[in-house]
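Notes follow the structure.
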Amino acid sequence: MRKMNEQKKLEKIEKKTAHASGIKYTFFIAIPVIIILVALGFYYARTNPVTILTKTIDESSAWIEKLANQNSFTFQKNDPINVTAAFNISTDLDLDGLEKILAYNYQVSYKKFNENEQTSIQVSDQDKEIININYYNINGENFLESKKLFSKLIKIPQEENETVSQIIEQVNSFPQISKEDGIYLINQLKKYFIQSINKKYINREKTDINIDDKTIKATKITYLLNKENQKRTLDYIKNAITEDDRFLEILSKIMKIEKKELIGNLQKEEEYEYNTDYKITLYTEGLNQKVIKVNLEEDDVTVVSYTNTEEKKINFKNEVIIKINELSEKNIDIDFELKEQNCNGSLKLTLHNNEIDAKISIKTKENYFDINTTITLGKETFILPNTSNVVSVEDLTETDILTILENLEKSLEGTTLLQLFEQNIL
């Protein structure tokens with residue numbers, strides 16, 4: 001009896017051991033299987049055409065947002081405004097003396113404070129100031145000032161300065177939105193377009209592509225925006241906007257119409273002819289599916305092409321080719337080629353919070369044309385001139401006019417501008 005009990009206990013232990021071993025072996029088999037499945041899932045997620053298309057769009061808009069955030073300089077409604085552009089141009093072209101005039105240092109500035117405005121033009125040769133003229137709009141009245149030329153302010157009748165007033169009025173009438181609102185519109189449009197992507201219009205295939213004289217085995221992903229898909233996409237985006245209160249508020253402010261009218265316009269079934277088929281084509285390589293080229297095609301003709309290899313290039317219809325040397329939040333450095341004009345050049349921008357330094361260089365086979373520019377944004381106020389010492393332009397005497405011309409001639413003495421002045425004015 002005792003032997004039988006021991007035998008049963010032994011059988012039970014063997015069964016438990018076998019069961020535990022089975023669990024252990026199943027566990028060890030399951031782990032690599034799960035890892036493989038997760039890896040395959042991760043790989044599929046990364047190589048899924050919709051994911052790649054979405055990631056490419058996301059990365060493009062993220063750079064724009066980052067650039068805006070790093071280089072923000074915003075004006076509140078009642079802030080003083082000060083915009084100054086300084087530039088000079090050098091060239092070895094023979095322009096009948098004009099090349100010497102272009103080489104001077106020019107500075108144009110616009111300032112506004114409490115509805116009063118000042119526009120200034122300064123011309124100098126190294127440290128010598130040649131011309132300094134200020135135009136003022138003070139309480140709706142217009143004045144010219146140049147202390148080197150005349151001791152009094154010259155009042156200009158409104159009708160004679162209609163063009164300047166119209167320009168100022170047009171600039172002031174432009175819709176103004178905040179940086180945050182602008183970024184919101186871009187992000188929402190991007191989001192709605194991504195949400196509208198339909199797998200039905202995506203094609204994926206293996207192909208060989210030639211970039212920089214190298215043949216690369218790539219995956220080609222094409223998103224077709226034919227007439228049917230354009231209408232479907234536009235309808236989706238319009239419907240999404242009608243349910244986005246903040247988007248509607250910003251857009252109604254820009255368009256200067258009521259939100260209700262804007263919604264009505266978006267909901268209208270407009271008869272629009274979609275006459276062109278578009279394609280967005282991405283070329284990727286490697287396991288990580290790095291995007292190496294992006295094409296935008298119009299009726300099977302490549303309109304814009306971006307190459308993302310060691311050399312980053314943008315090609316516009318093979319007429320304008322841009323090589324990107326640096327593209328960061330603070331620096332933009334590009335070389336460009338204008339094939340039709342048979343010339344090439346470079347553009348270098350350094351961005352600060354309130355300043356843009358720019359250098360543009362254009363060269364042909366024989367000549368060069370360099371433009372050095374600095375644009376500064378500020379909020380400094382300015383001192384209004386004394387309007388008690390004023391003469392109207394129609395009240396200027398012959399002696400006054402002669403004084404202005406003599407002072408201008410003195411100011412231009414020793415410069416190339418003097419010859420131009422003598423030929424056209426004296």
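Every chain in the structure tokens takes a letter, A first, then B, and so on in the order presented; its residues are numbered from 1, and the ligands are numbered from 1 following the presented order.
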
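With only C-alpha atoms taken into account, the protein and nucleic acid residues at most 12 Å from A:Val320 (excluding it and anything under 5 positions from it in its own chain) are Val303, Val304, Ser305, Lys313, Ile314, Asn315, Asp335, Phe336, Glu337, Leu338, Lys339, Glu340, Gln341, Asn342, Cys343, Asn344 and Gly345 of chain A.
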
How would the residues just chosen look if you wrote them out with N, CA and C atoms as an mmCIF file, in the first residue's frame?
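Dumped everything to part.cif:
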```cif
data_model
loop_
_atom_site.group_PDB
_atom_site.id
_atom_site.type_symbol
_atom_site.label_atom_id
_atom_site.label_comp_id
_atom_site.auth_asym_id
_atom_site.auth_seq_id
_atom_site.Cartn_x
_atom_site.Cartn_y
_atom_site.Cartn_z
ATOM 1 N N VAL A 303 7.368 69.171 -62.092
ATOM 2 C CA VAL A 303 7.403 70.629 -61.946
ATOM 3 C C VAL A 303 8.469 71.024 -60.920
ATOM 4 N N VAL A 304 8.475 70.326 -59.780
ATOM 5 C CA VAL A 304 9.454 70.589 -58.721
ATOM 6 C C VAL A 304 10.025 69.258 -58.256
ATOM 7 N N SER A 305 11.330 69.229 -58.071
ATOM 8 C CA SER A 305 11.981 68.011 -57.587
ATOM 9 C C SER A 305 12.939 68.381 -56.458
ATOM 10 N N LYS A 313 19.199 69.330 -53.240
ATOM 11 C CA LYS A 313 18.897 70.228 -54.356
ATOM 12 C C LYS A 313 17.391 70.328 -54.583
ATOM 13 N N ILE A 314 16.975 71.531 -55.046
ATOM 14 C CA ILE A 314 15.603 71.730 -55.509
ATOM 15 C C ILE A 314 15.689 72.135 -56.972
ATOM 16 N N ASN A 315 14.929 71.438 -57.811
ATOM 17 C CA ASN A 315 14.973 71.680 -59.244
ATOM 18 C C ASN A 315 13.585 72.090 -59.727
ATOM 19 N N ASP A 335 23.184 77.966 -53.098
ATOM 20 C CA ASP A 335 23.697 78.329 -54.416
ATOM 21 C C ASP A 335 22.578 78.077 -55.425
ATOM 22 N N PHE A 336 22.527 78.891 -56.472
ATOM 23 C CA PHE A 336 21.468 78.683 -57.453
ATOM 24 C C PHE A 336 22.003 78.858 -58.866
ATOM 25 N N GLU A 337 21.306 78.219 -59.799
ATOM 26 C CA GLU A 337 21.660 78.315 -61.216
ATOM 27 C C GLU A 337 20.401 78.672 -62.004
ATOM 28 N N LEU A 338 20.490 79.718 -62.823
ATOM 29 C CA LEU A 338 19.386 80.117 -63.696
ATOM 30 C C LEU A 338 19.789 79.737 -65.115
ATOM 31 N N LYS A 339 19.285 78.606 -65.581
ATOM 32 C CA LYS A 339 19.778 78.052 -66.845
ATOM 33 C C LYS A 339 19.427 78.933 -68.031
ATOM 34 N N GLU A 340 18.205 79.448 -68.058
ATOM 35 C CA GLU A 340 17.781 80.265 -69.198
ATOM 36 C C GLU A 340 18.611 81.541 -69.302
ATOM 37 N N GLN A 341 18.965 82.113 -68.147
ATOM 38 C CA GLN A 341 19.760 83.349 -68.126
ATOM 39 C C GLN A 341 21.264 83.062 -68.182
ATOM 40 N N ASN A 342 21.611 81.782 -68.170
ATOM 41 C CA ASN A 342 23.011 81.369 -68.247
ATOM 42 C C ASN A 342 23.870 82.014 -67.147
ATOM 43 N N CYS A 343 23.348 81.968 -65.914
ATOM 44 C CA CYS A 343 24.125 82.530 -64.805
ATOM 45 C C CYS A 343 23.884 81.723 -63.536
ATOM 46 N N ASN A 344 24.755 81.905 -62.570
ATOM 47 C CA ASN A 344 24.592 81.243 -61.279
ATOM 48 C C ASN A 344 24.905 82.233 -60.175
ATOM 49 N N GLY A 345 24.579 81.845 -58.958
ATOM 50 C CA GLY A 345 24.814 82.775 -57.860
ATOM 51 C C GLY A 345 24.651 82.109 -56.514
#
```

* If we count only C-alpha atoms, what is near A:Glu117 at a cut-off of 12 Å, once residues fewer than 6 positions away on the same chain are taken out, given as a PyMOL selection string? -> chain A and resi 80-83+109-111+134-144+164-165+168+381-385

* **Close residues, A:Ser196 itself excluded, 9 Å, only C-alpha atoms, min 6 positions apart in chain, as an NGL selection string** => :A and (232-234 or 236-237)

Would you output that residue set with C-alpha atoms, as a tab-separated table (two decimals), in the first residue's frame?
```
chain	number	residue	atom	x	y	z
A	232	ARG	CA	-12.68	64.48	-52.65
A	233	THR	CA	-9.65	65.98	-50.84
A	234	LEU	CA	-10.90	69.56	-51.17
A	236	TYR	CA	-12.85	66.81	-46.92
A	237	ILE	CA	-10.67	69.82	-46.01
```

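The space separating atom CA of A:Thr350 from atom CA of A:Thr376 comes to 11.7 Å.
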
* To do: Taking the chain letters and numbering used in this document, name the residues of stretch 90-203 of chain A that DSSP puts in helix (DSSP H, G or I), as a PyMOL selection string.
  => chain A and resi 98-102+158-173+179-196+199-201

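Of the residues under consideration (A:Ser346, A:Ser120, A:Gln126, A:Asn48), A:Ser346 shows the shortest atom-to-atom contact distance to A:Ile322 when counting only C-alpha atoms.
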
* **stretch 102-105 of chain A surroundings by only C-alpha atoms, 9 Å radius, close-in-sequence under 2 positions cut, as a list of chain:residue names** => A:Ala86, A:Phe87, A:Asn88, A:Ile89, A:Ser90, A:Thr91, A:Leu98, A:Glu99, A:Lys100, A:Gln107, A:Gln122, A:Val123, A:Ser124, A:Asp125, A:Gln126

* Structure fact -> Across A:Ile177, A:Thr284, A:Gln419, A:Asp127, the smallest distance to A:Met255, with only C-alpha atoms counted, is shown by A:Ile177

* Would you mind writing down, as JSON, numbers by chain, each residue of stretch 134-375 of chain A that DSSP on the backbone assigns to strand (DSSP E or B)? => {"A": [134, 135, 136, 137, 138, 141, 142, 143, 144, 145, 153, 154, 155, 156, 202, 203, 204, 205, 206, 207, 208, 209, 210, 211, 214, 215, 216, 217, 218, 219, 220, 221, 222, 223, 224, 225, 278, 279, 280, 281, 282, 283, 284, 285, 290, 291, 292, 293, 294, 295, 296, 297, 298, 301, 302, 303, 304, 305, 306, 307, 308, 312, 313, 314, 315, 316, 320, 321, 322, 323, 324, 325, 326, 327, 331, 332, 333, 334, 335, 336, 337, 338, 343, 344, 345, 346, 347, 348, 349, 350, 351, 355, 356, 357, 358, 359, 360, 361, 362, 363, 368, 369, 370, 371, 372, 373, 374, 375]}

* **Polymer residues at most 12 Å from A:Lys200, only C-alpha atoms, same-chain spacing of 4 or more positions, as a list in words** => Pro49, Val50, Ser196, Arg204, Thr222, Tyr223, Leu224, Leu225, Asn226, Glu228 and Asn229 of chain A

Take the residues from that selection and put them in a file with C-alpha atoms, as a short mmCIF file (atom, residue, chain, number, x, y, z; two decimals), in the first residue's frame.
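Once written, out-v6.cif looks like this:
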```cif
data_model
loop_
_atom_site.label_atom_id
_atom_site.label_comp_id
_atom_site.auth_asym_id
_atom_site.auth_seq_id
_atom_site.Cartn_x
_atom_site.Cartn_y
_atom_site.Cartn_z
CA PRO A 49 3.36 54.30 -47.70
CA VAL A 50 0.81 56.39 -45.77
CA SER A 196 -7.79 62.97 -46.24
CA ARG A 204 4.17 51.45 -54.40
CA THR A 222 3.17 57.75 -55.66
CA TYR A 223 0.10 59.56 -54.40
CA LEU A 224 -2.22 60.43 -57.28
CA LEU A 225 -4.27 63.59 -57.06
CA ASN A 226 -6.39 63.07 -60.14
CA GLU A 228 -11.69 62.67 -58.62
CA ASN A 229 -9.23 62.71 -55.70
#
```

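Proximity of A:Glu297, A:Ile202, A:Ile194, A:Asp181 to A:Arg246, computed with only C-alpha atoms, is greatest for A:Asp181.
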
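Shortest atom-to-atom contact with A:Leu351 among A:Glu310, A:Asp370, A:Glu269, A:Glu329: A:Glu329, counting only C-alpha atoms.
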